[in-house]
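Each remark here refers to the structure printed beneath this line.
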Amino acid sequence: MSDLSSIQPVVQAKGLIKTFGRVVGLNSANLELYPGEVLAVIGDNGAGKSTLIKCISGAETPDSGQILIDNEEVSFKSSLDARAYGIETVYQTLAVAPALDIASNLYLGREKRKSGILGSVFRKLDHSGMRNTAKEQMTKLGIGTLQDMSQAVETLSGGQRQAVSVARAEAFGSKVVILDEPTAALGVRESNQVLKMIELMRDRGLPIILISHNMPQVFEVADRIHVQRLGSRAAVVTPKTHTMNDAVAIMTGALKVDEKDQALGPVRVPATA
Ligand SMILES: Nc1ncnc2c1ncn2[C@@H]1O[C@H](COP(=O)(O)OP(=O)(O)O)[C@@H](O)[C@H]1O
Ligand SMILES: [Mg+2]
């Protein structure tokens, strides 16, 4: 698969329209996510970034337009529908249950039952199984500092909590992981850890949509940068072809980019992990 032109999008949004009363959230928005890439989505407040990814993750239903997963049209009624397709989302608010431990947070809503009659009839949870897998999962993502999977999440730092939600997404997002401002509430060191996790996931072949305001982070980690403006896509550029100043100028409408100068197709050969 070294020929980029043969690579098909994993996720495709075509002409999505979403209004909230008189407010236009999405005005014919398009998006493509290719295998094994990090696609950053940037744009001013209110540009429709969250609404766009909520449509893809099933949290919102577009008024019209199409969403295709592996070239098959889907119609998600809820985020559970999107999850069934292997699409996992981490929202900007640290989406964890503070009083529960790490392993329970990882499996929230998808608890493992004990095998046999204990699980099927008595609904007994497989705590040790969940803790072991949780530990493996956290180690795989390079978060070796978390020792005790039975530690309550409320005792963790913001970065460690976010690490738990990213690990959760990675554990279940078999196809796509979407991160909406995952580092917004974090310090520098913790943000770097989340970035490292993003690179690890990408290196294992998982495509990622990263919504972020943080230009240096976006330029460090993204393969392509989708610039959202006034409810639709203004351009797709790359850190190799455009500068941060260019990206900001596209966001504000000061710079228009010719289609032939955009990165509308894939730029990365996906890792085969
Ligand atoms: N649930 C909602 N109800 C009303 N308006 C909304 C809702 N969600 C988003 N909007 C509006 O849609 C537009 C796009 O919002 P959003 O997708 O959150 O932008 P972004 O994430 O880029 O800041 C904004 O004008 C916002 O106020
Ligand atoms: Mg938003």
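Every chain in the structure tokens takes a letter, A first, then B, and so on in the order presented; its residues are numbered from 1, and the ligands are numbered from 1 following the presented order.
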
Go through the chains and note each residue within 10 Å of ligand 2, using only C-alpha atoms and all ligand atoms, then give the set as an NGL selection string.
:A and (42-54 or 91-92 or 180-181 or 211-213)

All alpha helix (DSSP H) positions in stretch 32-237 of chain A, as a PyMOL selection string: chain A and resi 49-56+79-84+102-106+117-120+127-140+158-172+188-203+215-221

Residues as selected, C-alpha atoms, written as a tab-separated table (two decimals), in the first residue's frame, can you do that?
```
chain	number	residue	atom	x	y	z
A	49	LYS	CA	-15.53	21.86	14.89
A	50	SER	CA	-17.36	20.16	17.74
A	51	THR	CA	-20.61	19.89	15.79
A	52	LEU	CA	-18.74	18.27	12.89
A	53	ILE	CA	-17.13	15.61	15.05
A	54	LYS	CA	-20.32	15.10	17.05
A	55	CYS	CA	-22.06	14.16	13.80
A	56	ILE	CA	-19.28	11.67	13.06
A	79	SER	CA	-22.84	7.55	20.09
A	80	LEU	CA	-23.53	3.88	20.80
A	81	ASP	CA	-24.17	3.41	17.08
A	82	ALA	CA	-20.84	5.04	16.24
A	83	ARG	CA	-19.09	2.92	18.86
A	84	ALA	CA	-20.45	-0.19	17.23
A	102	ILE	CA	-8.94	3.29	36.74
A	103	ALA	CA	-9.96	-0.16	35.56
A	104	SER	CA	-13.66	0.58	36.10
A	105	ASN	CA	-13.36	3.84	34.19
A	106	LEU	CA	-11.71	2.06	31.34
A	117	ILE	CA	-22.78	-18.93	35.25
A	118	LEU	CA	-21.23	-16.42	37.65
A	119	GLY	CA	-21.17	-13.83	34.88
A	120	SER	CA	-24.19	-14.79	32.82
A	127	HIS	CA	-12.49	-7.23	38.37
A	128	SER	CA	-9.10	-8.88	38.18
A	129	GLY	CA	-9.45	-9.44	34.43
A	130	MET	CA	-10.35	-5.78	33.94
A	131	ARG	CA	-7.45	-4.63	36.13
A	132	ASN	CA	-4.97	-6.77	34.22
A	133	THR	CA	-6.14	-5.55	30.83
A	134	ALA	CA	-6.21	-1.98	32.13
A	135	LYS	CA	-2.60	-2.26	33.24
A	136	GLU	CA	-1.57	-3.71	29.88
A	137	GLN	CA	-3.44	-0.96	28.09
A	138	MET	CA	-1.86	1.84	30.12
A	139	THR	CA	1.62	0.35	29.73
A	140	LYS	CA	1.14	-0.04	25.98
A	158	GLY	CA	-5.54	16.01	35.27
A	159	GLY	CA	-3.05	14.52	32.86
A	160	GLN	CA	-3.38	11.06	34.31
A	161	ARG	CA	-7.16	11.33	34.13
A	162	GLN	CA	-6.97	12.34	30.52
A	163	ALA	CA	-4.60	9.43	29.97
A	164	VAL	CA	-7.35	7.16	31.29
A	165	SER	CA	-9.89	8.56	28.83
A	166	VAL	CA	-7.46	8.28	25.94
A	167	ALA	CA	-6.60	4.71	26.96
A	168	ARG	CA	-10.30	3.96	27.04
A	169	ALA	CA	-10.73	5.32	23.54
A	170	GLU	CA	-7.72	3.38	22.33
A	171	ALA	CA	-8.99	0.17	23.92
A	172	PHE	CA	-12.33	0.32	22.15
A	188	VAL	CA	2.66	21.36	29.51
A	189	ARG	CA	4.09	18.07	30.73
A	190	GLU	CA	0.69	16.37	30.76
A	191	SER	CA	-0.13	17.72	27.31
A	192	ASN	CA	3.11	16.28	26.01
A	193	GLN	CA	2.11	12.91	27.40
A	194	VAL	CA	-1.21	13.04	25.56
A	195	LEU	CA	0.65	14.01	22.37
A	196	LYS	CA	2.95	11.05	22.84
A	197	MET	CA	-0.09	8.80	23.20
A	198	ILE	CA	-1.51	10.21	19.98
A	199	GLU	CA	1.72	9.37	18.17
A	200	LEU	CA	1.75	5.89	19.66
A	201	MET	CA	-1.81	5.26	18.49
A	202	ARG	CA	-0.96	6.56	15.04
A	203	ASP	CA	2.12	4.35	14.91
A	215	MET	CA	-1.06	25.52	17.01
A	216	PRO	CA	2.38	24.28	18.07
A	217	GLN	CA	0.82	20.96	19.07
A	218	VAL	CA	-1.15	20.74	15.86
A	219	PHE	CA	1.93	21.45	13.77
A	220	GLU	CA	3.95	18.93	15.75
A	221	VAL	CA	1.62	15.98	15.49
```

Can you pull out every residue within 8 Å of A:Arg224, counting only C-alpha atoms, but drop anything in the same chain fewer than 4 positions away, and send it as a ChimeraX atom specification? /A:37-40,236-239,263,267

Those same residues - N, CA and C atoms - I'd like them written as a PDB file, in the first residue's frame.
```
ATOM      1  N   GLU A  37      -3.622   8.197   9.778  1.00  0.00           N
ATOM      2  CA  GLU A  37      -3.154   9.584   9.866  1.00  0.00           C
ATOM      3  C   GLU A  37      -3.708  10.286  11.098  1.00  0.00           C
ATOM      4  N   VAL A  38      -3.021  11.377  11.465  1.00  0.00           N
ATOM      5  CA  VAL A  38      -3.574  12.305  12.444  1.00  0.00           C
ATOM      6  C   VAL A  38      -4.095  13.497  11.658  1.00  0.00           C
ATOM      7  N   LEU A  39      -5.420  13.670  11.679  1.00  0.00           N
ATOM      8  CA  LEU A  39      -6.039  14.823  11.030  1.00  0.00           C
ATOM      9  C   LEU A  39      -6.388  15.828  12.114  1.00  0.00           C
ATOM     10  N   ALA A  40      -5.749  16.999  12.080  1.00  0.00           N
ATOM     11  CA  ALA A  40      -6.115  18.035  13.038  1.00  0.00           C
ATOM     12  C   ALA A  40      -7.274  18.829  12.469  1.00  0.00           C
ATOM     13  N   VAL A 236      -7.632  22.344   3.511  1.00  0.00           N
ATOM     14  CA  VAL A 236      -6.828  21.345   4.216  1.00  0.00           C
ATOM     15  C   VAL A 236      -5.372  21.584   3.821  1.00  0.00           C
ATOM     16  N   VAL A 237      -4.529  21.810   4.830  1.00  0.00           N
ATOM     17  CA  VAL A 237      -3.108  22.063   4.565  1.00  0.00           C
ATOM     18  C   VAL A 237      -2.269  21.069   5.373  1.00  0.00           C
ATOM     19  N   THR A 238      -0.960  21.145   5.227  1.00  0.00           N
ATOM     20  CA  THR A 238      -0.085  20.276   6.028  1.00  0.00           C
ATOM     21  C   THR A 238       0.994  21.136   6.694  1.00  0.00           C
ATOM     22  N   PRO A 239       1.604  20.619   7.763  1.00  0.00           N
ATOM     23  CA  PRO A 239       2.687  21.364   8.409  1.00  0.00           C
ATOM     24  C   PRO A 239       3.885  21.557   7.473  1.00  0.00           C
ATOM     25  N   ALA A 263      -4.179  19.808   0.700  1.00  0.00           N
ATOM     26  CA  ALA A 263      -3.864  18.382   0.921  1.00  0.00           C
ATOM     27  C   ALA A 263      -5.177  17.629   1.094  1.00  0.00           C
ATOM     28  N   VAL A 267      -1.570  11.802   2.756  1.00  0.00           N
ATOM     29  CA  VAL A 267      -0.154  12.167   2.653  1.00  0.00           C
ATOM     30  C   VAL A 267       0.744  11.164   3.381  1.00  0.00           C
TER      31      VAL A 267
END
```

| request: Enter the distance from atom CA of A:Ile87 to atom CA of A:Ala235, in Å, rounded to one decimal. | output: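 Computing it gives 24.2 Å between the two atoms.
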
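Using only C-alpha atoms, the nearest neighbour of A:Gly25 within the list A:Val176, A:Ala185, A:Leu230, A:Val153 is A:Leu230.
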
(message) Nearest residue to ligand 1 out of A:Val41, A:Val10, A:Ala271, A:Leu16, using only C-alpha atoms and all ligand atoms?
(response)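 Smallest separation from ligand 1 among the options: A:Val41.
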
Enumerate the residues of stretch 7-235 of chain A with a DSSP assignment of strand (DSSP E), computed from the backbone, and present them as a PyMOL selection string. chain A and resi 11-20+23-33+38-42+64-69+72-74+87-90+176-180+208-211+224-229+232-235

Considering only C-alpha atoms and all ligand atoms, can you say which of A:Val257, A:Ala184, A:Val24, A:Ala249 comes closest to ligand 1?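 Of all the options, A:Val24 lies closest to ligand 1.
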
Between A:Ile178, A:Leu255, A:Val227, A:Val74, smallest distance to ligand 1 by only C-alpha atoms and all ligand atoms belongs to A:Val227
